[in-house]
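Shown below: work_9.txt, with compact mmCIF, C-alpha atoms.
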```
# COMPACT_ATOMS: atom_id res chain seq x y z
CA MET A 164 88.84 143.14 2.08
CA GLN A 165 86.13 145.74 2.84
CA PRO A 166 87.00 148.08 -0.11
CA ALA A 167 87.12 145.08 -2.46
CA LEU A 168 83.63 144.03 -1.38
CA ALA A 169 82.34 147.57 -1.92
CA LEU A 170 83.80 147.57 -5.45
CA LEU A 171 82.14 144.23 -6.15
CA CYS A 172 78.78 145.59 -5.03
CA LEU A 173 79.25 148.65 -7.21
CA GLY A 174 80.24 146.46 -10.15
CA ALA A 175 77.19 144.24 -9.60
CA THR A 176 74.86 147.21 -9.87
CA LEU A 177 76.61 148.71 -12.90
CA LEU A 178 76.86 145.49 -14.89
CA PRO A 179 73.35 144.00 -15.02
CA ALA A 180 74.41 141.05 -17.19
CA ALA A 181 77.09 139.96 -14.71
CA SER A 182 75.18 140.85 -11.55
CA GLY A 183 73.61 137.40 -11.13
CA HIS A 184 77.00 135.68 -11.26
CA LEU A 185 78.61 138.19 -8.90
CA TRP A 186 75.80 137.94 -6.32
CA ALA A 187 75.92 134.14 -6.49
CA TRP A 188 79.65 134.24 -5.89
CA MET A 189 79.28 136.70 -2.97
CA TYR A 190 76.64 134.53 -1.31
CA SER A 191 78.90 131.48 -1.65
CA LEU A 192 81.60 133.15 0.48
CA PRO A 193 81.90 131.69 4.00
CA ARG A 194 79.92 133.52 6.69
CA HIS A 195 82.01 135.13 9.37
CA PRO A 196 80.45 135.79 12.76
CA PRO A 197 80.51 139.41 13.89
CA ASP A 198 83.40 140.63 15.99
CA GLU A 199 82.98 141.71 19.62
CA ALA A 200 82.38 145.37 18.66
CA ALA A 201 79.49 144.40 16.37
CA LEU A 202 77.90 142.46 19.22
CA GLY A 203 78.13 145.49 21.52
CA ARG A 204 80.53 143.66 23.84
CA ARG A 205 84.15 144.25 24.64
CA ALA A 206 86.39 141.70 26.26
CA GLY A 207 88.47 143.21 29.01
CA PRO A 208 90.75 141.79 31.66
CA GLY A 209 88.81 139.49 33.95
CA ASP A 210 85.64 139.61 31.80
CA ASP A 211 83.82 136.33 31.55
CA LEU A 212 81.97 136.58 28.21
CA GLU A 213 79.51 133.76 27.74
CA GLU A 214 79.51 131.54 24.68
CA VAL A 215 77.50 132.94 21.76
CA THR A 216 75.26 130.29 20.19
CA ALA A 217 73.60 130.15 16.78
CA CYS A 218 69.83 130.54 16.48
CA GLY A 219 67.09 130.50 13.89
CA PRO A 220 63.44 129.52 13.39
CA ASP A 221 64.20 125.91 14.38
CA SER A 222 66.62 126.69 17.21
CA PRO A 223 65.29 129.34 19.63
CA CYS A 224 67.43 131.07 22.22
CA ALA A 225 67.57 130.33 25.95
CA ARG A 226 65.55 132.40 28.44
CA GLY A 227 66.98 135.90 28.88
CA HIS A 228 68.38 135.93 25.32
CA PHE A 229 67.04 136.96 21.91
CA CYS A 230 67.88 135.85 18.39
CA ASP A 231 69.69 138.55 16.42
CA GLU A 232 68.34 137.60 12.99
CA HIS A 233 70.99 139.62 11.17
CA PHE A 234 73.86 137.55 12.58
CA GLY A 235 71.87 134.41 13.49
CA LEU A 236 73.21 134.49 17.05
CA CYS A 237 71.64 134.36 20.52
CA LEU A 238 72.51 137.50 22.46
CA PRO A 239 71.64 138.52 26.04
CA ALA A 240 68.48 140.62 26.43
CA ARG A 241 69.38 144.28 26.77
CA PRO A 242 68.83 146.40 29.90
CA ALA A 243 67.11 149.79 30.03
CA GLY A 244 68.84 152.46 27.96
CA GLN A 245 70.44 150.05 25.48
CA TYR A 246 69.68 150.15 21.74
CA CYS A 247 67.06 147.78 20.32
CA ARG A 248 64.99 147.12 17.22
CA ARG A 249 62.03 145.27 18.76
CA ASP A 250 60.58 144.37 22.17
CA ALA A 251 62.17 140.89 22.15
CA HIS A 252 65.64 142.51 22.32
CA CYS A 253 64.88 144.02 25.74
CA ALA A 254 65.01 142.43 29.18
CA HIS A 255 61.78 141.14 30.74
CA GLY A 256 59.36 143.98 31.54
CA LEU A 257 60.98 146.50 29.15
CA LEU A 258 59.75 147.72 25.76
CA CYS A 259 61.70 148.89 22.74
CA MET A 260 60.50 152.48 22.25
CA PHE A 261 62.19 154.89 19.87
CA GLY A 262 65.16 152.53 19.48
CA LYS A 263 65.99 152.07 23.18
CA CYS A 264 64.85 149.64 25.88
CA GLN A 265 62.76 151.43 28.50
CA GLN A 266 60.07 150.94 31.13
CA PRO A 267 56.57 150.86 29.63
CA VAL A 268 54.26 153.83 30.22
CA PRO A 269 50.93 152.80 31.84
CA ASP A 270 48.08 152.35 29.34
CA GLY A 271 46.15 155.50 28.48
CA GLN A 272 48.84 157.93 29.65
CA GLU A 273 50.83 160.23 27.38
CA GLY A 274 53.66 158.24 25.80
CA ALA A 275 51.93 154.82 26.10
CA ARG A 276 51.59 152.63 23.01
CA CYS A 277 48.18 152.71 21.35
CA HIS A 278 46.25 151.54 18.29
CA ARG A 279 43.39 154.07 18.24
CA ASP A 280 42.28 157.25 20.02
CA GLU A 281 40.08 155.29 22.45
CA ASP A 282 43.23 153.69 23.90
CA CYS A 283 44.33 157.10 25.22
CA GLY A 284 42.96 158.99 28.20
CA PRO A 285 40.62 161.98 27.99
CA GLY A 286 42.07 164.79 25.90
CA GLY A 287 44.45 162.44 24.12
CA CYS A 288 44.82 160.94 20.69
CA CYS A 289 46.83 158.10 19.17
CA ALA A 290 49.42 159.48 16.72
CA ARG A 291 52.88 158.53 15.46
CA ARG A 292 55.98 159.91 17.12
CA HIS A 293 59.21 158.79 15.45
CA GLY A 294 57.15 156.10 13.70
CA GLU A 295 55.73 154.60 16.92
CA ARG A 296 52.00 155.00 17.66
CA VAL A 297 51.76 156.57 21.14
CA CYS A 298 49.22 158.55 23.15
CA GLN A 299 49.69 162.31 22.83
CA GLN A 300 47.72 165.31 24.07
CA ARG A 301 45.35 167.09 21.71
CA LEU A 302 46.53 170.56 20.72
CA ALA A 303 45.56 173.55 22.87
CA ALA A 304 44.58 177.02 21.65
CA GLY A 305 47.47 178.75 19.88
CA GLN A 306 49.49 175.58 19.21
CA GLY A 307 50.67 174.89 15.67
CA CYS A 308 48.43 172.40 13.90
CA HIS A 309 49.86 172.24 10.37
CA VAL A 310 49.67 168.75 8.88
CA PRO A 311 51.98 168.04 5.93
CA PRO A 312 50.20 166.68 2.86
CA GLY A 313 52.06 163.36 3.08
CA GLY A 314 55.49 161.91 2.61
CA LEU A 315 58.09 161.03 5.19
CA ALA A 316 57.31 163.84 7.67
CA PHE A 317 53.66 162.76 7.84
CA SER A 318 54.37 159.04 8.22
CA ILE A 319 57.01 159.38 10.96
CA ASN A 320 55.51 162.15 13.11
CA GLN A 321 51.81 162.93 13.24
CA VAL A 322 49.97 165.80 14.91
CA CYS A 323 46.92 165.32 17.09
CA PRO A 324 43.85 167.36 16.24
CA CYS A 325 42.90 170.44 18.22
CA GLN A 326 41.08 170.10 21.54
CA ALA A 327 37.26 169.99 21.51
CA GLY A 328 35.76 173.36 20.56
CA LEU A 329 38.84 174.48 18.60
CA VAL A 330 39.57 174.35 14.88
CA CYS A 331 42.81 174.47 12.91
CA ARG A 332 42.93 177.70 10.89
CA ALA A 333 45.52 179.81 9.16
CA SER A 334 46.23 183.13 10.80
CA ALA A 335 46.57 186.37 8.89
CA PRO A 336 50.18 186.91 7.84
CA GLN A 337 52.10 189.40 9.94
CA ARG A 338 53.36 192.55 8.29
CA GLU A 339 56.98 191.84 9.13
CA LYS A 340 58.37 188.57 10.35
CA ALA A 341 61.56 186.55 10.25
CA PHE A 342 62.28 184.61 7.08
CA GLU A 343 60.97 181.04 7.09
CA TYR A 344 61.62 178.41 4.46
CA TRP A 345 58.07 177.04 4.83
CA PRO A 346 56.01 180.03 5.97
CA GLU A 347 52.55 178.45 5.78
CA LYS A 348 53.55 175.80 8.34
CA SER A 349 53.73 178.17 11.30
CA GLU A 350 50.60 180.12 10.43
CA TRP A 351 48.21 177.24 11.10
CA ARG A 352 47.06 177.34 14.74
CA CYS A 353 44.29 175.92 16.91
CA ARG A 354 41.72 178.70 17.32
CA GLN A 355 38.14 179.36 18.36
CA PRO A 356 35.74 178.85 15.40
```

Structure re-expressed in structure tokens:
Amino acid sequence: MQPALALLCLGATLLPAASGHLWAWMYSLPRHPPDEAALGRRAGPGDDLEEVTACGPDSPCARGHFCDEHFGLCLPARPAGQYCRRDAHCAHGLLCMFGKCQQPVPDGQEGARCHRDEDCGPGGCCARRHGERVCQQRLAAGQGCHVPPGGLAFSINQVCPCQAGLVCRASAPQREKAFEYWPEKSEWRCRQP
């Protein structure tokens, strides 16, 4: 059934005139709940798996559960170290950081969530790491400070500015050095003005 569905999707994109009819037909197919592997659970001998209930905007989940909007099912909140997509997927007191449930870092410390530089302690800045805005240390003398002009690299991972009293400058190229695909990246360092 899976290869047939893939062919239908391919056909829907290649045949614009028929795509509306194909998508309507696909959406009319009965919904099948995910199997145990998709839910991250495996039934073993003696396991007592609880009943999975449907959820939505009008039917919230019980305490200690979250609504998996993809499947429309209430699932148990996940413990530390388990995969997540948002804070509500994690057990009470845990945050979803970088795709896993984990203990929150105290406000102002390196690794804590932030909205602006003032949320971070002295010598810190608020910058994206893997897409999440967290407190990071400003760059020390000699650290690389190249900032890409934009695009995916810039939006997912950001670099803090240099520490107070330092500026980001390109160094003179070395006479001989190892080959680098993007040579200008490594030549930008925090330096004295």

- Item | Coordinates-based distance that separates CA of Gln306 (chain A) from CA of Asn320 (chain A) (Å, one decimal) |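 A separation of 15.9 Å between them.
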
- Mind giving me the straight-line distance from CA of Gln300 (chain A) to CA of His252 (chain A) in Å, one decimal?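 Separating CA of Gln300 (chain A) from CA of His252 (chain A) is a distance of 29.1 Å.
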
- Query: Which distance in Å separates CA of Gly271 (chain A) and CA of Gly286 (chain A), to one decimal?
  - Reply: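 Separating CA of Gly271 (chain A) from CA of Gly286 (chain A) is a distance of 10.5 Å.
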
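Checking A:Ile319, A:Leu236, A:Leu329, A:Met260 one by one against Ala290 (chain A), counting only C-alpha atoms, you find the shortest gap at A:Ile319.
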
- Task: Skip Pro267 (chain A) itself and residues of its chain fewer than 4 positions away, then list as a PyMOL selection string all residues within 9 Å of it, counting only C-alpha atoms.
- Result: chain A and resi 256-260+274-276

Please write the residues from the selection above to a file, keeping C-alpha atoms, as a tab-separated table (two decimals), in the coordinates of the input.
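Listing of result-v7.tsv after writing:
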```
chain	number	residue	atom	x	y	z
A	256	GLY	CA	59.36	143.98	31.54
A	257	LEU	CA	60.98	146.50	29.15
A	258	LEU	CA	59.75	147.72	25.76
A	259	CYS	CA	61.70	148.89	22.74
A	260	MET	CA	60.50	152.48	22.25
A	274	GLY	CA	53.66	158.24	25.80
A	275	ALA	CA	51.93	154.82	26.10
A	276	ARG	CA	51.59	152.63	23.01
```

- Item | Best match for closeness to Glu281 (chain A) among A:His293, A:Gly328, A:Asp231, A:Gln299, counting all atoms listed in the file | A:Gln299

- Measuring atom to atom with only C-alpha atoms, identify which of A:Ala254, A:Cys323, A:Val310, A:Leu302 is nearest to Asp280 (chain A).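 With only C-alpha atoms as the atom set, the closest residue is A:Cys323.
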